[in-house]
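Q: Pasting a structure here, questions to come.
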Amino acid sequence: MKRLILLIVFVVASAFTIYGASQLTVWKQVNGTWVALSMTDPRAEARAFKTGATNGSCNKQNWSFDVETEVQVAQWINWQVDGTKWLWYVRKPGKYITDCISFFIQSNGEIVISFSGFENPTYASSPLTSVNPEIAAWYGYGLGNLPEEIEQMVPATLLNESRVFIPDSAELHEGISRKLWNMIEVVNCNSASNYVGRGTVTITLQRIKPWINPETGEFK
């Protein structure tokens with residue numbers, strides 16, 4: 001029985017190679033030189049197959065067949081954040097804002113940015129306590145270098161309910177840059193100590209191909 005199963009698997013695999021699709025060697029031009037890509041490495045940047053074999057045999061004068069090139073392009077992304085933490089040193093109560101973090105994103109398809117777990121910075125010096133255990137915080141983004149140029153500012157407590165949709169565009173293909181802003185308000189009843197607030201940002205590609213492993217971005 002085991003031999004029969006192996007034989008069936010071999011026949012099916014052989015039929016797929018001959019009558020279905022056969023993998024081809026792919027070269028990529030790197031600095032003017034053609035470099036062969038691995039045919040088995042799931043991290044290879046491209047793969048190619050041939051399919052649709054045809055033939056003919058008789059005495060007629062003219063023969064014709066159609067040729068097709070189909071290119072399936074996966075969605076890619078390139079993003080950079082030059083910081084993931086704002087570290088404040090505040091001597092006196094007041095409302096303060098800073099733009100110390102820059103964000104860059106580049107892709108060939110729509111992107112959704114979502115937020116989870118964001119909270120106001122909370123008193124973090126147990127066993128001591130604070131009269132007011134929270135510092136109000138806001139997050140925002142903009143193009144310019146001045147607070148007046150901020151496009152949107154959202155309280156930390158409401159950020160988890162929002163999402164940013166970036167449509168496919170020539171600008172996104174070239175790369176979009178934004179300033180990320182952080183605003184806090186320290187009040188008189190915030191006792192002296194450290195306050196910490198965290199959150200998670202998730203960037204989701206919207207055009208994942210079925211032959212891409214969504215967990216690794218590699219070939220399945």
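Starting from 1 in every chain, residues are counted up; chains themselves are A, B, ... following the order of the structure tokens, and ligands are numbered from 1 as listed.
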Could you give me, as number ranges by chain, the residues within 9 Å of Ile176 (chain A), counting only C-alpha atoms and dropping anything in the same chain fewer than 4 positions from it?

A: A: 103-106, 171-172

Q: Which residues in chain A does DSSP call strand (DSSP E or B)? List them as number ranges by chain.

A: A: 21-24, 27-30, 33-36, 48-51, 77-81, 94-107, 111-116, 122-123, 134, 136-142, 150-155, 163-166, 176-186, 195-196, 200-205, 212, 219

Q: Given only C-alpha atoms as the basis, pick out the residue of A:Glu68, A:Phe165, A:Pro121, A:Pro42 nearest to Trp86 (chain A).

A: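 That would be A:Pro121, the residue with the smallest distance to Trp86 (chain A).
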
Q: Write out as a list in words all residues of region 118-210 of chain A that DSSP puts in alpha helix (DSSP H) for this structure's backbone.

A: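 Answer for region 118-210 of chain A restricted to alpha helix (DSSP H) is Ala156, Thr157, Leu158, Leu159, Ala170, Glu171, Leu172, His173 and Glu174 of chain A.
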
Q: Keeping only N, CA, C and O atoms, take the residues you just selected and write them out as a CSV table (one decimal), in the first residue's frame.

A:
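As written to disk, selection32.csv reads:
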chain,number,residue,atom,x,y,z
A,156,ALA,N,-4.8,60.0,24.0
A,156,ALA,CA,-4.4,58.6,24.1
A,156,ALA,C,-5.5,57.7,24.3
A,156,ALA,O,-5.6,56.5,23.8
A,157,THR,N,-6.5,58.1,25.1
A,157,THR,CA,-7.6,57.3,25.5
A,157,THR,C,-8.6,57.0,24.3
A,157,THR,O,-9.4,56.0,24.4
A,158,LEU,N,-8.5,57.8,23.3
A,158,LEU,CA,-9.4,57.6,22.1
A,158,LEU,C,-8.6,57.0,20.9
A,158,LEU,O,-9.2,56.7,19.9
A,159,LEU,N,-7.3,57.0,21.0
A,159,LEU,CA,-6.5,56.5,19.9
A,159,LEU,C,-6.8,55.1,19.5
A,159,LEU,O,-6.8,54.8,18.3
A,170,ALA,N,0.8,57.5,-6.1
A,170,ALA,CA,2.2,57.7,-6.6
A,170,ALA,C,3.0,58.2,-5.4
A,170,ALA,O,4.2,57.8,-5.3
A,171,GLU,N,2.4,59.0,-4.5
A,171,GLU,CA,3.2,59.5,-3.4
A,171,GLU,C,3.6,58.4,-2.4
A,171,GLU,O,4.7,58.4,-1.9
A,172,LEU,N,2.7,57.4,-2.2
A,172,LEU,CA,3.0,56.3,-1.3
A,172,LEU,C,4.1,55.4,-2.0
A,172,LEU,O,5.0,54.9,-1.3
A,173,HIS,N,4.1,55.3,-3.3
A,173,HIS,CA,5.1,54.5,-3.9
A,173,HIS,C,6.5,55.1,-3.8
A,173,HIS,O,7.5,54.4,-3.7
A,174,GLU,N,6.5,56.5,-3.8
A,174,GLU,CA,7.8,57.2,-3.6
A,174,GLU,C,8.2,57.2,-2.1
A,174,GLU,O,9.4,57.3,-1.8

Q: Near Gln23 (chain A), within 8 Å and counting only C-alpha atoms, which residues show up once chain neighbours fewer than 3 positions away are dropped, as a ChimeraX atom specification?

A: /A:39,47-50

Q: Write the selection just made, keeping C-alpha atoms, as a CSV table (one decimal), in the first residue's frame?

A:
chain,number,residue,atom,x,y,z
A,39,MET,CA,14.8,28.3,-6.7
A,47,ARG,CA,10.2,33.1,-9.1
A,48,ALA,CA,9.1,32.1,-12.6
A,49,PHE,CA,7.3,29.1,-14.1
A,50,LYS,CA,6.4,28.0,-17.6
